[in-house]
Structure formats: structure tokens, C-alpha cells
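As provided, protein.txt (compact mmCIF, C-alpha atoms) reads as follows.
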```txt
# COMPACT_ATOMS: atom_id res chain seq x y z
CA MET A 1 -205.16 63.69 -145.76
CA THR A 2 -206.61 63.92 -149.27
CA HIS A 3 -206.21 61.15 -151.82
CA SER A 4 -205.96 61.85 -155.52
CA THR A 5 -208.20 58.84 -156.12
CA ARG A 6 -211.06 60.13 -153.97
CA SER A 7 -212.92 61.62 -156.95
CA SER A 8 -213.21 58.15 -158.53
CA HIS A 9 -214.95 56.82 -155.42
CA PRO A 10 -217.82 59.27 -154.76
CA ARG A 11 -220.27 59.09 -151.92
CA ARG A 12 -223.49 57.37 -152.82
CA ARG A 13 -225.59 59.02 -150.14
CA THR A 14 -225.26 61.34 -147.22
CA THR A 15 -224.25 59.43 -144.10
CA PRO A 16 -225.80 60.61 -140.82
CA ARG A 17 -223.33 61.96 -138.30
CA HIS A 18 -222.46 59.58 -135.51
CA PRO A 19 -223.60 60.68 -132.03
CA VAL A 20 -220.97 62.63 -130.11
CA SER A 21 -219.18 60.62 -127.43
CA PRO A 22 -219.91 61.60 -123.80
CA ARG A 23 -217.66 64.30 -122.38
CA GLY A 24 -214.78 63.03 -120.31
CA LEU A 25 -214.30 59.82 -122.31
CA ARG A 26 -211.35 59.49 -124.66
CA THR A 27 -212.76 59.02 -128.12
CA LEU A 28 -211.26 56.83 -130.81
CA ARG A 29 -210.50 60.01 -132.76
CA ALA A 30 -208.60 61.51 -129.82
CA THR A 31 -206.61 58.30 -129.37
CA TRP A 32 -205.73 58.09 -133.05
CA GLU A 33 -204.87 61.80 -133.29
CA ARG A 34 -202.43 61.38 -130.40
CA GLN A 35 -200.90 58.29 -132.01
CA ALA A 36 -200.52 60.03 -135.38
CA ALA A 37 -198.86 63.05 -133.75
CA GLU A 38 -196.42 60.86 -131.83
CA ALA A 39 -195.62 58.79 -134.92
CA GLY A 40 -194.87 61.95 -136.89
CA GLY A 41 -192.67 63.39 -134.14
CA PRO A 42 -188.92 63.06 -133.69
CA GLY A 43 -189.20 59.85 -131.67
CA GLY A 44 -191.82 58.23 -133.86
CA PHE A 45 -191.54 54.61 -134.96
CA HIS A 46 -191.41 53.91 -138.70
CA HIS A 47 -191.43 50.62 -140.54
CA LEU A 48 -188.51 49.93 -142.80
CA HIS A 49 -190.74 50.17 -145.84
CA GLY A 50 -192.96 53.25 -146.16
CA PRO A 51 -194.99 55.19 -146.75
CA HIS A 52 -193.93 57.11 -143.65
CA THR A 53 -197.18 59.04 -143.44
CA HIS A 54 -199.87 58.72 -140.83
CA GLY A 55 -203.48 59.71 -140.41
CA TRP A 56 -205.62 58.85 -143.43
CA LEU A 57 -208.00 56.96 -141.13
CA LEU A 58 -208.74 60.25 -139.36
CA ALA A 59 -210.45 61.67 -142.45
CA ASP A 60 -214.15 61.95 -143.15
CA ALA A 61 -215.61 60.77 -139.80
CA VAL A 62 -214.08 57.28 -140.07
CA PRO A 63 -213.23 57.12 -136.32
CA GLU A 64 -216.80 58.06 -135.43
CA LEU A 65 -218.15 55.30 -137.69
CA LEU A 66 -215.87 52.67 -136.19
CA GLU A 67 -216.01 53.71 -132.54
CA PRO A 68 -219.16 51.70 -131.65
CA ILE A 69 -217.69 48.44 -132.97
CA VAL A 70 -214.01 48.57 -131.95
CA HIS A 71 -212.05 47.61 -128.86
CA ALA A 72 -209.43 50.36 -128.94
CA ASP A 73 -205.84 49.78 -127.84
CA ASP A 74 -203.71 52.64 -126.50
CA ASP A 75 -200.56 50.98 -127.86
CA PRO A 76 -200.11 52.56 -131.31
CA LEU A 77 -198.37 49.46 -132.67
CA GLU A 78 -201.08 47.03 -131.62
CA PRO A 79 -204.17 46.31 -133.73
CA THR A 80 -207.59 47.60 -132.74
CA PHE A 81 -210.10 44.78 -133.14
CA PHE A 82 -213.63 45.24 -134.42
CA ALA A 83 -216.73 43.07 -134.68
CA HIS A 84 -220.33 43.36 -135.90
CA LEU A 85 -219.49 45.55 -138.89
CA ASP A 86 -222.90 45.56 -140.57
CA ALA A 87 -224.43 46.91 -143.78
CA PRO A 88 -224.84 50.60 -142.77
CA VAL A 89 -221.23 50.87 -141.58
CA ALA A 90 -219.99 48.93 -144.63
CA GLU A 91 -221.80 51.30 -146.98
CA ALA A 92 -220.40 54.35 -145.19
CA LEU A 93 -216.85 52.98 -145.39
CA LEU A 94 -217.20 52.21 -149.09
CA ALA A 95 -218.21 55.82 -149.64
CA ARG A 96 -215.14 57.08 -147.77
CA PHE A 97 -212.28 54.70 -148.56
CA ALA A 98 -210.15 55.23 -151.64
CA PRO A 99 -209.83 52.17 -153.92
CA ALA A 100 -206.28 51.53 -152.70
CA HIS A 101 -207.63 51.01 -149.18
CA LEU A 102 -210.11 48.33 -150.28
CA VAL A 103 -207.62 45.81 -151.67
CA HIS A 104 -206.28 44.46 -148.37
CA ARG A 105 -206.98 40.84 -147.51
CA SER A 106 -206.18 38.58 -144.55
CA ASN A 107 -204.45 35.26 -145.24
CA GLY A 108 -206.17 34.67 -148.56
CA SER A 109 -209.55 36.11 -147.57
CA PRO A 110 -211.74 38.10 -149.94
CA THR A 111 -210.54 41.69 -150.29
CA LEU A 112 -211.94 44.29 -147.93
CA GLY A 113 -213.86 45.90 -150.78
CA ASN A 114 -215.46 42.60 -151.77
CA GLN A 115 -216.52 41.87 -148.20
CA LEU A 116 -217.93 45.36 -147.67
CA ARG A 117 -219.92 45.22 -150.91
CA ALA A 118 -221.33 41.78 -150.04
CA THR A 119 -222.34 43.05 -146.61
CA VAL A 120 -224.14 46.03 -148.14
CA ALA A 121 -225.91 43.81 -150.67
CA HIS A 122 -227.14 41.40 -147.98
CA PRO A 123 -228.15 43.38 -144.88
CA GLY A 124 -228.96 41.18 -141.94
CA GLU A 125 -227.15 38.22 -143.49
CA ILE A 126 -223.46 39.18 -143.14
CA THR A 127 -221.39 40.99 -140.53
CA LEU A 128 -217.62 41.36 -140.61
CA HIS A 129 -214.90 41.18 -137.98
CA GLY A 130 -211.19 41.91 -138.05
CA PHE A 131 -208.76 44.62 -137.01
CA VAL A 132 -207.58 48.14 -137.72
CA LEU A 133 -203.94 49.20 -137.75
CA GLY A 134 -204.28 52.80 -136.69
CA PRO A 135 -202.45 56.05 -137.49
CA GLY A 136 -199.62 55.15 -135.13
CA ARG A 137 -198.32 52.80 -137.83
CA CYS A 138 -197.03 53.44 -141.33
CA ASP A 139 -199.12 50.55 -142.65
CA GLU A 140 -202.42 51.81 -141.24
CA ARG A 141 -205.37 49.98 -142.74
CA LEU A 142 -208.59 48.14 -141.98
CA VAL A 143 -208.57 44.37 -142.51
CA SER A 144 -211.50 41.96 -142.31
CA GLU A 145 -210.36 38.55 -141.08
CA GLY A 146 -213.71 36.92 -141.55
CA ALA A 147 -217.45 37.08 -141.77
CA LEU A 148 -220.47 35.85 -139.88
CA VAL A 149 -223.06 34.66 -142.38
CA ARG A 150 -226.64 33.59 -141.86
CA PHE A 151 -227.41 30.26 -143.53
CA GLU A 152 -230.47 28.39 -142.37
CA ALA A 153 -229.24 24.84 -142.75
CA ASP A 154 -228.31 22.17 -140.23
CA LEU A 155 -224.97 21.20 -141.72
CA LEU A 156 -222.37 18.79 -140.41
CA VAL A 157 -219.17 20.83 -140.17
CA THR A 158 -216.23 19.21 -138.40
CA GLU A 159 -213.13 20.96 -137.10
CA HIS A 160 -210.69 19.05 -139.31
CA HIS A 161 -213.10 18.44 -142.20
CA ALA A 162 -213.45 14.73 -141.65
CA PRO A 163 -215.30 12.60 -144.22
CA GLY A 164 -218.90 13.77 -144.44
CA CYS A 165 -218.09 17.40 -143.55
CA GLU A 166 -220.50 19.69 -145.40
CA CYS A 167 -218.52 22.91 -145.19
CA GLU A 168 -218.25 23.08 -148.99
CA LEU A 169 -222.01 23.64 -149.21
CA LEU A 170 -221.76 26.67 -146.95
CA TRP A 171 -218.72 28.04 -148.78
CA ALA A 172 -220.48 27.63 -152.13
CA TYR A 173 -223.44 29.59 -150.75
CA ALA A 174 -221.14 32.36 -149.52
CA VAL A 175 -219.49 32.63 -152.95
CA ASP A 176 -222.46 32.15 -155.28
CA GLU A 177 -225.28 33.76 -153.32
CA LEU A 178 -223.62 36.28 -151.01
CA GLY A 179 -220.89 37.41 -153.39
CA LEU A 180 -217.81 36.69 -151.26
CA ASP A 181 -216.15 35.67 -154.48
CA ASP A 182 -212.60 37.02 -154.72
CA ALA A 183 -210.92 34.97 -151.98
CA GLU A 184 -207.70 33.18 -152.82
CA HIS A 185 -209.03 30.04 -151.14
CA ALA A 186 -211.75 28.79 -148.79
CA PRO A 187 -211.70 29.87 -145.12
CA HIS A 188 -209.27 28.16 -142.78
CA ARG A 189 -212.05 27.61 -140.27
CA ILE A 190 -215.81 27.34 -140.52
CA HIS A 191 -218.01 26.73 -137.51
CA ARG A 192 -221.52 27.38 -136.31
CA ILE A 193 -222.01 30.09 -133.71
CA HIS A 194 -224.77 31.16 -131.37
CA ARG A 195 -225.79 34.81 -131.45
CA ALA A 196 -227.55 35.87 -128.27
CA GLU A 197 -229.37 38.65 -130.10
CA ALA A 198 -230.68 36.18 -132.71
CA PRO A 199 -231.25 32.86 -130.91
CA ASP A 200 -233.62 31.49 -133.55
CA GLU A 201 -231.28 32.13 -136.49
CA THR A 202 -228.47 29.94 -137.81
CA TRP A 203 -225.13 31.74 -138.18
CA TRP A 204 -221.70 30.53 -139.25
CA ARG A 205 -218.24 32.02 -138.86
CA LEU A 206 -215.92 32.02 -141.88
CA LEU A 207 -212.39 32.80 -140.70
CA TRP A 208 -209.16 33.36 -142.58
CA ALA A 209 -206.59 33.29 -139.79
```
Re-express the file's structure as C-alpha cells.
Amino acid sequence: MTHSTRSSHPRRRTTPRHPVSPRGLRTLRATWERQAAEAGGPGGFHHLHGPHTHGWLLADAVPELLEPIVHADDDPLEPTFFAHLDAPVAEALLARFAPAHLVHRSNGSPTLGNQLRATVAHPGEITLHGFVLGPGRCDERLVSEGALVRFEADLLVTEHHAPGCECELLWAYAVDELGLDDAEHAPHRIHRIHRAEAPDETWWRLLWA
């Protein structure tokens, strides 16, 4: 599917092709192509409000970019969750998504475009997680529910933000230094996490959910 706005969002660099999936395994592309075909058929499900079109996520190698980071669901109406969306994938998606596909937000979070740009600008310091509504739905889109950010500080962050909670320091860093600056409000939840692949680094989850 070609968007009339694509020319205003050119590619910034050539993105390497993603390795081909092993033979015999159902790829994300194959799953989404089947869902799009079924949705467009006579028995397809459509939301009350359109557009009743399916398949823009199949364009321009998007399934191949997302396949390594998603947990695909065969149910076309269920979300496909992703994690560890890092700077290279973020840059590739920015080069492929039309502006209209970058405005989605989750429960007051920064827009998808803002989060992708911040991730590109700070490689190794931000990764995103969220979900994709695939081509089996009329409202197909990619939504980032939150970010993991690296912030080397031993802060006191409490679950219910009791007196003395220092979450505002972390949120100010995310806005002012990392550029996550178009959210409607602060995250609903902030907590420290352990990353097995980076045991000596301090990471925090910012979640709008």
C-alpha cells in the first residue's frame, strides 16, 4: 500500500536487508499476509469506524525488521507484543513510516515518532516496548507503551510515590536529556529493572499503561 505522504518522509540511509527466516518456519510476514487476506475477504471483521483497509504494515520490509523483537499472535484481533526496540530498528522504522503512523501514543505517552527519534539519538541508552495491531485489524498500528532508559543513579523510587520518592529526577532526565518530551503526562509507573545482558548498568522502566 502506497501513502501519498511517503515522499515527505524520505529514507535517510539504506537499511540492510534482514536475514531470511529458516525454511519451514512461519514468518511474521506470512502470518500478517494471511490475516490481511482474511480481513479483506467476505467473512472479514471490520471495526465500526474505518478505514476498512488492511496491510500497510506489510510494506517496505517492516515485518522483517520487527520479526526478531516480536512475540507474534496467530489471532488477528490480538496485539503482537514487542520488546528491545533499539536505535537501528527505530531508525529503520522512521525511514519507512508515514507521518500519520508516528502520531500514536499509549495512555498519554510520548508519540511513537518522539520515542523513535529519542531512541535513535541515544543508542545504548533507550529501548522501547509495546505492541503492534497487525493487518488483521482496521486500526493496524505500532504503539510504544514505554521505554527502558539507562540512568546511572541510585534513586529512591517507590511504587506509590511516597514522600521522598525521587522519580521526578528520572523523569526530568528523560525529558530534558533524552528528548522524550511530548508526553501528555509523566509515566504511570517507574521502576528499576535488572538487565541480564547488562548487569553493571542501571536501567529504569517508564510505563504508560
Inset, instruction - Identify the residues around (-220.0, 43.8, -156.2) within a radius of 12 Å, measuring from only C-alpha atoms in the coordinates stated by the file, and give them as an MDAnalysis selection string. - result: chainID A and resid 94 110:122 175:182
Can those selected residues be exported to a file as a JSON list (two decimals), in the coordinates of the input so that it contains C-alpha atoms?
```json
[["chain", "number", "residue", "atom", "x", "y", "z"],
["A", 94, "LEU", "CA", -217.20, 52.21, -149.09],
["A", 110, "PRO", "CA", -211.74, 38.10, -149.94],
["A", 111, "THR", "CA", -210.54, 41.69, -150.29],
["A", 112, "LEU", "CA", -211.94, 44.29, -147.93],
["A", 113, "GLY", "CA", -213.86, 45.90, -150.78],
["A", 114, "ASN", "CA", -215.46, 42.60, -151.77],
["A", 115, "GLN", "CA", -216.52, 41.87, -148.20],
["A", 116, "LEU", "CA", -217.93, 45.36, -147.67],
["A", 117, "ARG", "CA", -219.92, 45.22, -150.91],
["A", 118, "ALA", "CA", -221.33, 41.78, -150.04],
["A", 119, "THR", "CA", -222.34, 43.05, -146.61],
["A", 120, "VAL", "CA", -224.14, 46.03, -148.14],
["A", 121, "ALA", "CA", -225.91, 43.81, -150.67],
["A", 122, "HIS", "CA", -227.14, 41.40, -147.98],
["A", 175, "VAL", "CA", -219.49, 32.63, -152.95],
["A", 176, "ASP", "CA", -222.46, 32.15, -155.28],
["A", 177, "GLU", "CA", -225.28, 33.76, -153.32],
["A", 178, "LEU", "CA", -223.62, 36.28, -151.01],
["A", 179, "GLY", "CA", -220.89, 37.41, -153.39],
["A", 180, "LEU", "CA", -217.81, 36.69, -151.26],
["A", 181, "ASP", "CA", -216.15, 35.67, -154.48],
["A", 182, "ASP", "CA", -212.60, 37.02, -154.72]]
```
Give me, as a short mmCIF file (atom, residue, chain, number, x, y, z; two decimals) with C-alpha atoms, in the frame of the given file, all polymer residues having an atom no more than 9 Å from range 140-152 of chain A, counting all atoms listed in the file and skipping those fewer than 3 positions away in the same chain.
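Once everything was written out, this is result22.cif:
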```
data_model
loop_
_atom_site.label_atom_id
_atom_site.label_comp_id
_atom_site.auth_asym_id
_atom_site.auth_seq_id
_atom_site.Cartn_x
_atom_site.Cartn_y
_atom_site.Cartn_z
CA HIS A 54 -199.87 58.72 -140.83
CA GLY A 55 -203.48 59.71 -140.41
CA TRP A 56 -205.62 58.85 -143.43
CA LEU A 57 -208.00 56.96 -141.13
CA PHE A 82 -213.63 45.24 -134.42
CA HIS A 84 -220.33 43.36 -135.90
CA HIS A 101 -207.63 51.01 -149.18
CA LEU A 102 -210.11 48.33 -150.28
CA HIS A 104 -206.28 44.46 -148.37
CA ARG A 105 -206.98 40.84 -147.51
CA SER A 106 -206.18 38.58 -144.55
CA ASN A 107 -204.45 35.26 -145.24
CA SER A 109 -209.55 36.11 -147.57
CA PRO A 110 -211.74 38.10 -149.94
CA THR A 111 -210.54 41.69 -150.29
CA LEU A 112 -211.94 44.29 -147.93
CA GLN A 115 -216.52 41.87 -148.20
CA GLY A 124 -228.96 41.18 -141.94
CA GLU A 125 -227.15 38.22 -143.49
CA ILE A 126 -223.46 39.18 -143.14
CA THR A 127 -221.39 40.99 -140.53
CA LEU A 128 -217.62 41.36 -140.61
CA HIS A 129 -214.90 41.18 -137.98
CA GLY A 130 -211.19 41.91 -138.05
CA PHE A 131 -208.76 44.62 -137.01
CA VAL A 132 -207.58 48.14 -137.72
CA LEU A 133 -203.94 49.20 -137.75
CA GLY A 134 -204.28 52.80 -136.69
CA PRO A 135 -202.45 56.05 -137.49
CA GLY A 136 -199.62 55.15 -135.13
CA ARG A 137 -198.32 52.80 -137.83
CA LEU A 170 -221.76 26.67 -146.95
CA TYR A 173 -223.44 29.59 -150.75
CA ALA A 174 -221.14 32.36 -149.52
CA LEU A 178 -223.62 36.28 -151.01
CA PRO A 187 -211.70 29.87 -145.12
CA ILE A 193 -222.01 30.09 -133.71
CA GLU A 201 -231.28 32.13 -136.49
CA THR A 202 -228.47 29.94 -137.81
CA TRP A 203 -225.13 31.74 -138.18
CA TRP A 204 -221.70 30.53 -139.25
CA ARG A 205 -218.24 32.02 -138.86
CA LEU A 206 -215.92 32.02 -141.88
CA LEU A 207 -212.39 32.80 -140.70
CA TRP A 208 -209.16 33.36 -142.58
CA ALA A 209 -206.59 33.29 -139.79
#
```
Kindly list the centre and edge lengths in Å, rounded to one decimal, for the axis-aligned box that covers all listed atoms of range 81-99 of chain A plus 6 Å on each of its six sides, as lines of an AutoDock Vina configuration file.
```
center_x = -217.3
center_y = 50.1
center_z = -143.5
size_x = 27.0
size_y = 26.0
size_z = 32.8
```
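The space between CA of Glu67 in chain A and CA of Asp200 in chain A spans 28.4 Å.
You can rank A:Ala100, A:Leu28, A:Ala186, A:Val157 by their closest distance to Val70 in chain A using all atoms listed in the file, and at the top of that list sits A:Leu28.
Here CA of Gly164 in chain A and CA of His194 in chain A stand 22.5 Å from one another.
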Inset, instruction - Go ahead and compute the interatomic distance for CA of His71 in chain A and CA of Leu85 in chain A, in Å to one decimal. - result: 12.7 Å
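For the residues A:Arg34, A:Arg195, A:Arg29, A:Arg96, ranking by smallest atom-to-atom distance to Pro63 in chain A using only C-alpha atoms places A:Arg29 first.
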Legend entry - Contacts of His160 in chain A at 10 Å (only C-alpha atoms; same-chain gap of 5+ positions) as a PyMOL selection string: chain A and resi 165+188-190
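Of the listed residues A:His185, A:Val89, A:Asp154, A:Pro123, the one whose atoms come nearest to Ala61 in chain A is A:Val89, with distances taken using all atoms listed in the file.
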Starting from the incomplete input, reconstruct N, CA, C and O atoms of range 93-115 of chain A and report them as an mmCIF file, in the coordinates of the input.
```cif
data_model
loop_
_atom_site.group_PDB
_atom_site.id
_atom_site.type_symbol
_atom_site.label_atom_id
_atom_site.label_comp_id
_atom_site.auth_asym_id
_atom_site.auth_seq_id
_atom_site.Cartn_x
_atom_site.Cartn_y
_atom_site.Cartn_z
ATOM 1 N N LEU A 93 -218.284 53.132 -145.141
ATOM 2 C CA LEU A 93 -216.850 52.980 -145.390
ATOM 3 C C LEU A 93 -216.552 52.921 -146.883
ATOM 4 O O LEU A 93 -215.557 53.491 -147.349
ATOM 5 N N LEU A 94 -217.395 52.249 -147.642
ATOM 6 C CA LEU A 94 -217.200 52.210 -149.090
ATOM 7 C C LEU A 94 -217.256 53.612 -149.697
ATOM 8 O O LEU A 94 -216.546 53.912 -150.665
ATOM 9 N N ALA A 95 -218.094 54.460 -149.130
ATOM 10 C CA ALA A 95 -218.210 55.820 -149.640
ATOM 11 C C ALA A 95 -217.010 56.684 -149.269
ATOM 12 O O ALA A 95 -216.776 57.721 -149.894
ATOM 13 N N ARG A 96 -216.236 56.265 -148.278
ATOM 14 C CA ARG A 96 -215.140 57.080 -147.770
ATOM 15 C C ARG A 96 -213.758 56.568 -148.155
ATOM 16 O O ARG A 96 -212.822 57.354 -148.279
ATOM 17 N N PHE A 97 -213.602 55.266 -148.312
ATOM 18 C CA PHE A 97 -212.280 54.700 -148.560
ATOM 19 C C PHE A 97 -211.907 54.825 -150.035
ATOM 20 O O PHE A 97 -212.709 54.531 -150.922
ATOM 21 N N ALA A 98 -210.681 55.230 -150.277
ATOM 22 C CA ALA A 98 -210.150 55.230 -151.640
ATOM 23 C C ALA A 98 -209.962 53.789 -152.107
ATOM 24 O O ALA A 98 -209.795 52.874 -151.291
ATOM 25 N N PRO A 99 -209.985 53.548 -153.421
ATOM 26 C CA PRO A 99 -209.830 52.170 -153.920
ATOM 27 C C PRO A 99 -208.606 51.452 -153.380
ATOM 28 O O PRO A 99 -208.658 50.242 -153.123
ATOM 29 N N ALA A 100 -207.506 52.171 -153.188
ATOM 30 C CA ALA A 100 -206.280 51.530 -152.700
ATOM 31 C C ALA A 100 -206.447 50.967 -151.292
ATOM 32 O O ALA A 100 -205.698 50.068 -150.889
ATOM 33 N N HIS A 101 -207.421 51.473 -150.544
ATOM 34 C CA HIS A 101 -207.630 51.010 -149.180
ATOM 35 C C HIS A 101 -208.609 49.835 -149.108
ATOM 36 O O HIS A 101 -208.881 49.321 -148.022
ATOM 37 N N LEU A 102 -209.131 49.418 -150.248
ATOM 38 C CA LEU A 102 -210.110 48.330 -150.280
ATOM 39 C C LEU A 102 -209.521 47.023 -150.793
ATOM 40 O O LEU A 102 -210.240 46.040 -150.937
ATOM 41 N N VAL A 103 -208.227 47.001 -151.058
ATOM 42 C CA VAL A 103 -207.620 45.810 -151.670
ATOM 43 C C VAL A 103 -206.988 44.876 -150.647
ATOM 44 O O VAL A 103 -206.558 43.778 -151.001
ATOM 45 N N HIS A 104 -206.938 45.285 -149.380
ATOM 46 C CA HIS A 104 -206.280 44.460 -148.370
ATOM 47 C C HIS A 104 -207.079 43.183 -148.117
ATOM 48 O O HIS A 104 -208.309 43.182 -148.148
ATOM 49 N N ARG A 105 -206.352 42.111 -147.855
ATOM 50 C CA ARG A 105 -206.980 40.840 -147.510
ATOM 51 C C ARG A 105 -206.199 40.211 -146.366
ATOM 52 O O ARG A 105 -205.052 40.572 -146.100
ATOM 53 N N SER A 106 -206.802 39.245 -145.691
ATOM 54 C CA SER A 106 -206.180 38.580 -144.550
ATOM 55 C C SER A 106 -205.993 37.101 -144.872
ATOM 56 O O SER A 106 -206.975 36.355 -144.971
ATOM 57 N N ASN A 107 -204.757 36.685 -145.067
ATOM 58 C CA ASN A 107 -204.450 35.260 -145.240
ATOM 59 C C ASN A 107 -205.288 34.591 -146.318
ATOM 60 O O ASN A 107 -205.809 33.490 -146.124
ATOM 61 N N GLY A 108 -205.430 35.259 -147.453
ATOM 62 C CA GLY A 108 -206.170 34.670 -148.560
ATOM 63 C C GLY A 108 -207.656 34.940 -148.553
ATOM 64 O O GLY A 108 -208.399 34.396 -149.378
ATOM 65 N N SER A 109 -208.121 35.787 -147.647
ATOM 66 C CA SER A 109 -209.550 36.110 -147.570
ATOM 67 C C SER A 109 -209.989 36.927 -148.779
ATOM 68 O O SER A 109 -209.152 37.424 -149.546
ATOM 69 N N PRO A 110 -211.296 37.113 -148.960
ATOM 70 C CA PRO A 110 -211.740 38.100 -149.940
ATOM 71 C C PRO A 110 -211.176 39.479 -149.577
ATOM 72 O O PRO A 110 -210.899 39.758 -148.410
ATOM 73 N N THR A 111 -211.019 40.339 -150.564
ATOM 74 C CA THR A 111 -210.540 41.690 -150.290
ATOM 75 C C THR A 111 -211.545 42.431 -149.418
ATOM 76 O O THR A 111 -212.731 42.084 -149.356
ATOM 77 N N LEU A 112 -211.051 43.479 -148.760
ATOM 78 C CA LEU A 112 -211.940 44.290 -147.930
ATOM 79 C C LEU A 112 -213.096 44.836 -148.754
ATOM 80 O O LEU A 112 -214.251 44.806 -148.321
ATOM 81 N N GLY A 113 -212.799 45.346 -149.945
ATOM 82 C CA GLY A 113 -213.860 45.900 -150.780
ATOM 83 C C GLY A 113 -214.925 44.874 -151.111
ATOM 84 O O GLY A 113 -216.127 45.165 -151.066
ATOM 85 N N ASN A 114 -214.509 43.658 -151.448
ATOM 86 C CA ASN A 114 -215.460 42.600 -151.770
ATOM 87 C C ASN A 114 -216.345 42.277 -150.567
ATOM 88 O O ASN A 114 -217.569 42.123 -150.694
ATOM 89 N N GLN A 115 -215.747 42.201 -149.388
ATOM 90 C CA GLN A 115 -216.520 41.870 -148.200
ATOM 91 C C GLN A 115 -217.489 42.998 -147.826
ATOM 92 O O GLN A 115 -218.629 42.738 -147.423
#
```
